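Next up, run_11.pdb (PDB, C-alpha atoms, pLDDT in the B column):
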ATOM      1  CA  MET H   1      99.158  89.103 103.544  1.00 42.00           C
ATOM      2  CA  ALA H   2      97.214  87.798 106.533  1.00 41.00           C
ATOM      3  CA  VAL H   3      98.963  90.296 108.814  1.00 39.00           C
ATOM      4  CA  LEU H   4      98.451  93.269 106.523  1.00 42.00           C
ATOM      5  CA  VAL H   5      94.803  92.777 105.587  1.00 49.00           C
ATOM      6  CA  PRO H   6      93.292  94.250 108.809  1.00 46.00           C
ATOM      7  CA  VAL H   7      95.340  97.479 108.467  1.00 47.00           C
ATOM      8  CA  LEU H   8      95.878  97.556 104.753  1.00 53.00           C
ATOM      9  CA  TRP H   9      94.561 100.767 103.315  1.00 54.00           C
ATOM     10  CA  VAL H  10      95.573 104.370 103.851  1.00 51.00           C
ATOM     11  CA  THR H  11      93.373 107.411 103.314  1.00 46.00           C
ATOM     12  CA  GLY H  12      95.940 109.527 101.543  1.00 45.00           C
ATOM     13  CA  GLY H  13      97.390 111.115 104.702  1.00 41.00           C
ATOM     14  CA  PHE H  14     100.558 109.074 105.175  1.00 43.00           C
ATOM     15  CA  LYS H  15     103.540 111.274 106.087  1.00 45.00           C
ATOM     16  CA  GLU H  16     105.968 109.751 103.577  1.00 50.00           C
ATOM     17  CA  THR H  17     107.330 112.393 101.204  1.00 49.00           C
ATOM     18  CA  PRO H  18     106.623 111.326  97.612  1.00 51.00           C
ATOM     19  CA  LYS H  19     109.694 111.102  95.377  1.00 58.00           C
ATOM     20  CA  GLU H  20     107.635 111.643  92.245  1.00 62.00           C
ATOM     21  CA  PRO H  21     104.872 114.015  91.106  1.00 62.00           C
ATOM     22  CA  VAL H  22     101.345 112.960  91.928  1.00 80.00           C
ATOM     23  CA  LYS H  23      99.453 111.726  88.859  1.00 86.00           C
ATOM     24  CA  GLN H  24      95.773 111.804  88.018  1.00 88.00           C
ATOM     25  CA  PRO H  25      93.716 108.819  86.831  1.00 92.00           C
ATOM     26  CA  GLY H  26      92.543 108.703  83.247  1.00 94.00           C
ATOM     27  CA  HIS H  27      95.915 109.564  81.681  1.00 94.00           C
ATOM     28  CA  PRO H  28      98.404 107.005  80.237  1.00 95.00           C
ATOM     29  CA  LEU H  29     101.686 106.561  82.117  1.00 96.00           C
ATOM     30  CA  ASP H  30     104.816 105.272  80.362  1.00 96.00           C
ATOM     31  CA  LEU H  31     106.275 102.466  82.487  1.00 96.00           C
ATOM     32  CA  GLY H  32     108.840 101.433  79.886  1.00 96.00           C
ATOM     33  CA  LEU H  33     107.467  98.003  79.036  1.00 97.00           C
ATOM     34  CA  PHE H  34     103.835  99.021  79.516  1.00 97.00           C
ATOM     35  CA  ASP H  35     101.601 102.013  78.972  1.00 97.00           C
ATOM     36  CA  VAL H  36      99.114 101.985  81.854  1.00 98.00           C
ATOM     37  CA  THR H  37      96.035 104.157  82.269  1.00 97.00           C
ATOM     38  CA  VAL H  38      94.542 103.872  85.766  1.00 97.00           C
ATOM     39  CA  ARG H  39      90.786 104.318  85.607  1.00 97.00           C
ATOM     40  CA  ASP H  40      89.289 103.991  89.110  1.00 97.00           C
ATOM     41  CA  ALA H  41      89.099 101.970  92.327  1.00 97.00           C
ATOM     42  CA  ARG H  42      86.184 100.156  93.870  1.00 96.00           C
ATOM     43  CA  ILE H  43      85.204  97.490  96.359  1.00 95.00           C
ATOM     44  CA  GLY H  44      83.855  94.377  94.676  1.00 94.00           C
ATOM     45  CA  LEU H  45      83.144  90.698  95.088  1.00 92.00           C
ATOM     46  CA  ALA H  46      85.142  88.023  93.275  1.00 89.00           C
ATOM     47  CA  THR H  47      85.577  84.288  93.507  1.00 86.00           C
ATOM     48  CA  ALA H  48      88.358  83.239  95.846  1.00 74.00           C
ATOM     49  CA  THR H  49      91.530  81.710  94.397  1.00 69.00           C
ATOM     50  CA  PHE H  50      90.629  78.358  95.896  1.00 70.00           C
ATOM     51  CA  GLY H  51      86.960  77.489  96.172  1.00 68.00           C
ATOM     52  CA  SER H  52      83.781  78.992  94.839  1.00 71.00           C
ATOM     53  CA  ALA H  53      82.900  81.408  97.660  1.00 83.00           C
ATOM     54  CA  LYS H  54      82.775  85.140  96.967  1.00 88.00           C
ATOM     55  CA  GLU H  55      85.253  87.393  98.811  1.00 90.00           C
ATOM     56  CA  ARG H  56      85.660  91.154  99.085  1.00 92.00           C
ATOM     57  CA  PHE H  57      88.464  92.730  97.069  1.00 94.00           C
ATOM     58  CA  LEU H  58      89.775  96.212  96.510  1.00 95.00           C
ATOM     59  CA  ILE H  59      89.841  96.476  92.715  1.00 97.00           C
ATOM     60  CA  VAL H  60      91.773  98.993  90.604  1.00 98.00           C
ATOM     61  CA  ARG H  61      90.755  99.061  86.956  1.00 98.00           C
ATOM     62  CA  MET H  62      93.328 100.010  84.331  1.00 98.00           C
ATOM     63  CA  ARG H  63      94.024  99.885  80.617  1.00 98.00           C
ATOM     64  CA  VAL H  64      97.312  98.167  79.766  1.00 98.00           C
ATOM     65  CA  VAL H  65      99.299  98.181  76.504  1.00 98.00           C
ATOM     66  CA  ASN H  66     102.382  95.992  76.061  1.00 97.00           C
ATOM     67  CA  LYS H  67     105.034  97.977  74.184  1.00 96.00           C
ATOM     68  CA  GLY H  68     107.513  95.100  74.024  1.00 95.00           C
ATOM     69  CA  LYS H  69     107.925  92.369  71.422  1.00 94.00           C
ATOM     70  CA  GLU H  70     107.034  89.392  73.609  1.00 95.00           C
ATOM     71  CA  THR H  71     103.855  88.283  75.335  1.00 97.00           C
ATOM     72  CA  GLU H  72     103.906  89.378  78.987  1.00 97.00           C
ATOM     73  CA  SER H  73     102.039  88.037  82.013  1.00 97.00           C
ATOM     74  CA  LEU H  74      99.567  90.073  84.002  1.00 97.00           C
ATOM     75  CA  GLY H  75     100.578  88.196  87.169  1.00 95.00           C
ATOM     76  CA  LEU H  76     103.924  87.450  88.816  1.00 92.00           C
ATOM     77  CA  GLY H  77     106.866  88.180  86.544  1.00 92.00           C
ATOM     78  CA  GLY H  78     104.710  90.596  84.578  1.00 96.00           C
ATOM     79  CA  LEU H  79     102.548  93.661  85.139  1.00 97.00           C
ATOM     80  CA  SER H  80     101.855  92.734  88.779  1.00 97.00           C
ATOM     81  CA  ASP H  81     105.526  93.327  89.676  1.00 96.00           C
ATOM     82  CA  GLY H  82     105.215  97.014  88.847  1.00 96.00           C
ATOM     83  CA  VAL H  83     101.879  97.759  90.532  1.00 97.00           C
ATOM     84  CA  SER H  84     101.496  98.354  94.288  1.00 96.00           C
ATOM     85  CA  ALA H  85      99.065  99.716  96.886  1.00 96.00           C
ATOM     86  CA  LEU H  86     100.240 101.633  99.942  1.00 93.00           C
ATOM     87  CA  THR H  87      99.448 100.162 103.361  1.00 87.00           C
ATOM     88  CA  LYS H  88      98.975 101.969 106.659  1.00 82.00           C
ATOM     89  CA  ALA H  89     102.365 100.599 107.686  1.00 83.00           C
ATOM     90  CA  GLY H  90     103.969 102.439 104.756  1.00 86.00           C
ATOM     91  CA  LYS H  91     104.625  99.286 102.734  1.00 90.00           C
ATOM     92  CA  TRP H  92     103.875  98.881  99.055  1.00 92.00           C
ATOM     93  CA  LEU H  93     101.905  95.676  98.465  1.00 94.00           C
ATOM     94  CA  ARG H  94     101.602  94.041  95.062  1.00 94.00           C
ATOM     95  CA  PRO H  95      98.157  92.816  93.900  1.00 96.00           C
ATOM     96  CA  GLU H  96      97.031  89.384  94.993  1.00 94.00           C
ATOM     97  CA  ARG H  97      96.030  88.802  91.389  1.00 94.00           C
ATOM     98  CA  ILE H  98      95.261  90.655  88.159  1.00 96.00           C
ATOM     99  CA  GLU H  99      92.463  89.625  85.812  1.00 96.00           C
ATOM    100  CA  GLY H 100      92.213  90.859  82.234  1.00 97.00           C
ATOM    101  CA  LEU H 101      89.854  91.198  79.293  1.00 96.00           C
ATOM    102  CA  ALA H 102      91.127  91.485  75.714  1.00 95.00           C
ATOM    103  CA  ALA H 103      88.721  91.765  72.785  1.00 89.00           C
ATOM    104  CA  GLY H 104      85.924  90.594  75.065  1.00 90.00           C
ATOM    105  CA  SER H 105      87.701  87.423  76.249  1.00 95.00           C
ATOM    106  CA  LYS H 106      89.338  86.671  79.595  1.00 96.00           C
ATOM    107  CA  THR H 107      93.123  86.628  79.570  1.00 97.00           C
ATOM    108  CA  ASP H 108      96.062  86.461  81.976  1.00 96.00           C
ATOM    109  CA  VAL H 109      98.620  87.808  79.464  1.00 97.00           C
ATOM    110  CA  VAL H 110      99.217  90.982  77.449  1.00 97.00           C
ATOM    111  CA  GLN H 111      99.974  90.572  73.749  1.00 96.00           C
ATOM    112  CA  PRO H 112     102.214  93.222  72.101  1.00 96.00           C
ATOM    113  CA  GLY H 113     100.093  96.142  70.967  1.00 94.00           C
ATOM    114  CA  LEU H 114      96.768  94.605  72.049  1.00 95.00           C
ATOM    115  CA  PRO H 115      95.106  96.688  74.805  1.00 96.00           C
ATOM    116  CA  VAL H 116      93.874  94.810  77.862  1.00 98.00           C
ATOM    117  CA  GLU H 117      91.334  96.004  80.403  1.00 98.00           C
ATOM    118  CA  ALA H 118      92.902  94.767  83.652  1.00 98.00           C
ATOM    119  CA  SER H 119      91.642  94.598  87.231  1.00 97.00           C
ATOM    120  CA  ALA H 120      94.321  94.576  89.949  1.00 98.00           C
ATOM    121  CA  MET H 121      92.856  93.002  93.095  1.00 96.00           C
ATOM    122  CA  TRP H 122      93.821  93.153  96.778  1.00 95.00           C
ATOM    123  CA  LYS H 123      91.941  90.950  99.257  1.00 92.00           C
ATOM    124  CA  MET H 124      90.060  92.808 101.998  1.00 89.00           C
ATOM    125  CA  GLY H 125      88.825  91.997 105.462  1.00 86.00           C
ATOM    126  CA  PRO H 126      85.080  91.846 106.152  1.00 84.00           C
ATOM    127  CA  ALA H 127      85.034  95.275 107.828  1.00 83.00           C
ATOM    128  CA  ASP H 128      87.446  97.187 105.529  1.00 84.00           C
ATOM    129  CA  SER H 129      85.761 100.125 103.784  1.00 86.00           C
ATOM    130  CA  PRO H 130      88.465 102.603 102.680  1.00 90.00           C
ATOM    131  CA  ARG H 131      87.382 105.832 101.036  1.00 92.00           C
ATOM    132  CA  LYS H 132      90.713 106.399  99.273  1.00 94.00           C
ATOM    133  CA  LEU H 133      93.567 104.255  98.003  1.00 95.00           C
ATOM    134  CA  THR H 134      97.128 105.229  97.046  1.00 95.00           C
ATOM    135  CA  VAL H 135      98.512 103.265  94.085  1.00 96.00           C
ATOM    136  CA  GLY H 136     102.111 103.282  92.861  1.00 95.00           C
ATOM    137  CA  LEU H 137     103.456 102.323  89.414  1.00 96.00           C
ATOM    138  CA  ARG H 138     107.128 101.432  88.880  1.00 95.00           C
ATOM    139  CA  GLU H 139     109.284 101.718  85.772  1.00 95.00           C
ATOM    140  CA  TRP H 140     110.435  98.708  83.770  1.00 96.00           C
ATOM    141  CA  LYS H 141     113.951  98.864  82.314  1.00 94.00           C
ATOM    142  CA  TYR H 142     115.517  96.890  79.478  1.00 91.00           C
ATOM    143  CA  GLY H 143     118.940  95.513  80.316  1.00 87.00           C
ATOM    144  CA  HIS H 144     120.865  92.636  81.840  1.00 78.00           C
ATOM    145  CA  GLY H 145     122.201  91.789  85.280  1.00 63.00           C
ATOM    146  CA  PHE H 146     125.777  91.358  86.468  1.00 63.00           C
ATOM    147  CA  THR H 147     125.746  87.614  85.804  1.00 69.00           C
ATOM    148  CA  ASP H 148     123.238  87.536  82.957  1.00 69.00           C
ATOM    149  CA  SER H 149     124.251  88.544  79.452  1.00 74.00           C
ATOM    150  CA  THR H 150     120.683  88.226  78.114  1.00 82.00           C
ATOM    151  CA  PHE H 151     118.707  91.454  77.848  1.00 84.00           C
ATOM    152  CA  ASN H 152     115.301  91.439  79.531  1.00 90.00           C
ATOM    153  CA  TRP H 153     112.657  93.812  80.861  1.00 93.00           C
ATOM    154  CA  THR H 154     112.931  94.029  84.640  1.00 92.00           C
ATOM    155  CA  VAL H 155     111.473  96.146  87.439  1.00 93.00           C
ATOM    156  CA  ASP H 156     113.121  96.907  90.788  1.00 92.00           C
ATOM    157  CA  ARG H 157     110.507  96.590  93.517  1.00 89.00           C
ATOM    158  CA  GLU H 158     112.948  97.950  96.098  1.00 87.00           C
ATOM    159  CA  ASP H 159     113.284 101.230  94.229  1.00 85.00           C
ATOM    160  CA  LYS H 160     111.091 103.786  96.009  1.00 83.00           C
ATOM    161  CA  THR H 161     111.040 106.094  93.001  1.00 89.00           C
ATOM    162  CA  LEU H 162     107.760 105.673  91.156  1.00 93.00           C
ATOM    163  CA  VAL H 163     106.665 106.693  87.684  1.00 94.00           C
ATOM    164  CA  GLY H 164     103.210 107.438  89.029  1.00 92.00           C
ATOM    165  CA  ARG H 165     101.610 107.814  92.440  1.00 94.00           C
ATOM    166  CA  LEU H 166      97.826 108.113  92.343  1.00 96.00           C
ATOM    167  CA  THR H 167      95.321 108.657  95.150  1.00 95.00           C
ATOM    168  CA  LEU H 168      91.960 107.254  94.098  1.00 96.00           C
ATOM    169  CA  ASP H 169      88.479 107.589  95.524  1.00 96.00           C
ATOM    170  CA  VAL H 170      87.134 104.131  96.310  1.00 96.00           C
ATOM    171  CA  ALA H 171      83.578 103.363  95.221  1.00 95.00           C
ATOM    172  CA  ALA H 172      81.648 101.339  97.782  1.00 89.00           C
ATOM    173  CA  LEU H 173      80.298  97.876  97.121  1.00 82.00           C
ATOM    174  CA  PRO H 174      76.864  98.272  95.501  1.00 75.00           C
ATOM    175  CA  VAL H 175      73.977  97.134  97.633  1.00 67.00           C
ATOM    176  CA  GLN H 176      72.505  93.993  96.150  1.00 60.00           C
ATOM    177  CA  PRO H 177      68.754  94.417  95.644  1.00 60.00           C
ATOM    178  CA  GLN H 178      66.722  91.955  97.638  1.00 59.00           C
ATOM    179  CA  PRO H 179      63.965  90.087  95.801  1.00 64.00           C
ATOM    180  CA  PRO H 180      60.495  91.266  96.797  1.00 67.00           C
ATOM    181  CA  VAL H 181      58.707  89.133  99.316  1.00 64.00           C
ATOM    182  CA  THR H 182      55.871  87.318  97.587  1.00 66.00           C
ATOM    183  CA  GLN H 183      52.903  86.585  99.789  1.00 66.00           C
ATOM    184  CA  THR H 184      51.045  83.432  98.934  1.00 64.00           C
ATOM    185  CA  PRO H 185      47.325  84.192  98.828  1.00 65.00           C
ATOM    186  CA  VAL H 186      45.261  82.229 101.307  1.00 64.00           C
ATOM    187  CA  THR H 187      42.835  79.980  99.466  1.00 65.00           C
ATOM    188  CA  ARG H 188      39.607  79.440 101.333  1.00 68.00           C
ATOM    189  CA  THR H 189      37.613  76.306 100.729  1.00 65.00           C
ATOM    190  CA  PRO H 190      33.904  77.163 100.427  1.00 64.00           C
ATOM    191  CA  ALA H 191      31.775  75.650 103.144  1.00 63.00           C
ATOM    192  CA  VAL H 192      29.660  72.724 101.989  1.00 62.00           C
ATOM    193  CA  ARG H 193      26.093  72.937 103.240  1.00 64.00           C
ATOM    194  CA  PRO H 194      24.815  69.594 104.429  1.00 59.00           C
ATOM    195  CA  SER H 195      21.949  68.211 102.326  1.00 60.00           C
ATOM    196  CA  ALA H 196      18.704  67.223 104.015  1.00 58.00           C
ATOM    197  CA  ALA H 197      18.389  63.516 104.420  1.00 57.00           C
ATOM    198  CA  ARG H 198      15.284  62.023 102.788  1.00 62.00           C
ATOM    199  CA  THR H 199      13.332  59.329 104.575  1.00 59.00           C
ATOM    200  CA  PRO H 200      12.493  56.494 102.188  1.00 61.00           C
ATOM    201  CA  ARG H 201       8.736  56.040 101.630  1.00 64.00           C
ATOM    202  CA  PRO H 202       7.096  52.645 102.021  1.00 63.00           C
ATOM    203  CA  PRO H 203       5.918  50.991  98.842  1.00 63.00           C
ATOM    204  CA  GLY H 204       2.425  51.987  97.726  1.00 62.00           C
ATOM    205  CA  SER H 205       2.403  55.202  99.757  1.00 58.00           C
ATOM    206  CA  ARG H 206       1.017  58.428  98.293  1.00 58.00           C
ATOM    207  CA  ARG H 207       2.925  61.642  98.074  1.00 53.00           C
TER
END
Could you write out this file's structure as structure tokens?
Amino acid sequence: MAVLVPVLWVTGGFKETPKEPVKQPGHPLDLGLFDVTVRDARIGLATATFGSAKERFLIVRMRVVNKGKETESLGLGGLSDGVSALTKAGKWLRPERIEGLAAGSKTDVVQPGLPVEASAMWKMGPADSPRKLTVGLREWKYGHGFTDSTFNWTVDREDKTLVGRLTLDVAALPVQPQPPVTQTPVTRTPAVRPSAARTPRPPGSRR
């Protein structure tokens, strides 16, 4: 990740020949285990995995529906395995993390049939400001391996054939409004005029 961050994002002009039709955001794609609708991409700030500091991320928002019978993770071993972003080096990079909202509450899983608004996030360098991002979605298949007789949903990350390949415009990080500068009014202390000193009169004197 540390090596790829400085040269992570392409602008849609990579010479690789797609092996699947280009898809448009806003339409559901059948990935086998999931139905995924990619909404948009943007640059945003989020809390780092370790620590409380804010870091810049490239964020792809999507709607996810689990079509299976078991609860699935949004992270490793789950949705994240089938989502990738294309780097300048021509490599597909999975999200660093995926955060979700279901029925207004934060979640890191997808319940069967319960839609989740998910945000796939890739960490960015301080100077990265891509205008476009290419996202790839892979198909999940239900089956078993050569040594495993149990049927499971799996995705082959080495398979270059994608269900969907989308090139998204990337919205820039909104400029945070700065609080107005409040000038403290200068309070002037009124000048005190000295009072005339009175000379005491001797007893019995007339005014």
Using the chain letters and numbering of this document, enumerate as a compact mmCIF listing (two decimals) with C-alpha atoms, in the frame of the given file the residues selected by the PyMOL selection byres ((chain H and resi 46) around 9).
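Saved to part-v1.txt:
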# COMPACT_ATOMS: atom_id res chain seq x y z
CA GLY H 44 83.86 94.38 94.68
CA LEU H 45 83.14 90.70 95.09
CA THR H 47 85.58 84.29 93.51
CA ALA H 48 88.36 83.24 95.85
CA ALA H 53 82.90 81.41 97.66
CA LYS H 54 82.78 85.14 96.97
CA GLU H 55 85.25 87.39 98.81
CA ARG H 56 85.66 91.15 99.08
CA PHE H 57 88.46 92.73 97.07
Specify as number ranges by chain each residue included when the PyMOL selection byres ((chain H and resi 83) around 8) is applied to this file.
-> H: 79-82, 84-85, 94-95, 135-138
C-alpha atoms of the current selection, written as a PDB file, in the coordinates of the input:
ATOM      1  CA  LEU H  79     102.548  93.661  85.139  1.00 97.00           C
ATOM      2  CA  SER H  80     101.855  92.734  88.779  1.00 97.00           C
ATOM      3  CA  ASP H  81     105.526  93.327  89.676  1.00 96.00           C
ATOM      4  CA  GLY H  82     105.215  97.014  88.847  1.00 96.00           C
ATOM      5  CA  SER H  84     101.496  98.354  94.288  1.00 96.00           C
ATOM      6  CA  ALA H  85      99.065  99.716  96.886  1.00 96.00           C
ATOM      7  CA  ARG H  94     101.602  94.041  95.062  1.00 94.00           C
ATOM      8  CA  PRO H  95      98.157  92.816  93.900  1.00 96.00           C
ATOM      9  CA  VAL H 135      98.512 103.265  94.085  1.00 96.00           C
ATOM     10  CA  GLY H 136     102.111 103.282  92.861  1.00 95.00           C
ATOM     11  CA  LEU H 137     103.456 102.323  89.414  1.00 96.00           C
ATOM     12  CA  ARG H 138     107.128 101.432  88.880  1.00 95.00           C
TER      13      ARG H 138
END
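Restricting the calculation to all atoms listed in the file, the smallest distance between Gly164 (chain H) and any of H:Lys141, H:Val116, H:Gln24, H:Met124 is found for H:Gln24.
Here the question is which of H:Ala103, H:Val64, H:Leu93, H:Val109 gets nearest to Phe34 (chain H) using all atoms listed in the file, and that residue is H:Val64.
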Which polymer residues have any atom within 8 Å of an atom of region 65-72 of chain H, counting all atoms listed in the file, with same-chain residues fewer than 6 positions away left out, as a list in words?
-> Gly32, Leu33, Phe34, Asp35, Val36, Gly78, Leu79, Val109, Val110, Gln111, Pro112, Gly113, Leu114, Pro115 and Val116 of chain H
For the residues selected in the previous step, produce a file with C-alpha atoms as a short mmCIF file (atom, residue, chain, number, x, y, z; two decimals), in the coordinates of the input.
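Saved to out_34.cif:
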data_model
loop_
_atom_site.label_atom_id
_atom_site.label_comp_id
_atom_site.auth_asym_id
_atom_site.auth_seq_id
_atom_site.Cartn_x
_atom_site.Cartn_y
_atom_site.Cartn_z
CA GLY H 32 108.84 101.43 79.89
CA LEU H 33 107.47 98.00 79.04
CA PHE H 34 103.84 99.02 79.52
CA ASP H 35 101.60 102.01 78.97
CA VAL H 36 99.11 101.98 81.85
CA GLY H 78 104.71 90.60 84.58
CA LEU H 79 102.55 93.66 85.14
CA VAL H 109 98.62 87.81 79.46
CA VAL H 110 99.22 90.98 77.45
CA GLN H 111 99.97 90.57 73.75
CA PRO H 112 102.21 93.22 72.10
CA GLY H 113 100.09 96.14 70.97
CA LEU H 114 96.77 94.60 72.05
CA PRO H 115 95.11 96.69 74.81
CA VAL H 116 93.87 94.81 77.86
#
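Nearest to Pro174 (chain H) of all the residues H:Ser149, H:Arg42, H:Arg97, H:Gly90 is H:Arg42, based on all atoms listed in the file.
CA of Leu133 (chain H) is found 8.1 Å from CA of Leu166 (chain H).
The closest residue to Thr87 (chain H), picked from H:Thr161, H:Tyr142, H:Trp122, H:Asn152 and counting all atoms listed in the file, is H:Trp122.
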Could you please determine the separation between CA of Leu162 (chain H) and CA of Lys23 (chain H) in Å, to one decimal place?
-> 10.5 Å
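For the atom pair formed by CA of Asp128 (chain H) and CA of Pro28 (chain H), the distance is 29.3 Å, given to one decimal.
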Between H:Lys123, H:Lys106, H:Lys160, H:His144, smallest distance to Val60 (chain H) by all atoms listed in the file belongs to H:Lys123
Can you pull out every residue within 8 Å of Ile43 (chain H), counting all atoms listed in the file, but drop anything in the same chain fewer than 4 positions away, and send it as a ChimeraX atom specification?
-> /H:56-59,129,170-173
For Leu86 (chain H), the closest of H:Arg63, H:Arg39, H:Lys132, H:His27 counting all atoms listed in the file is H:Lys132
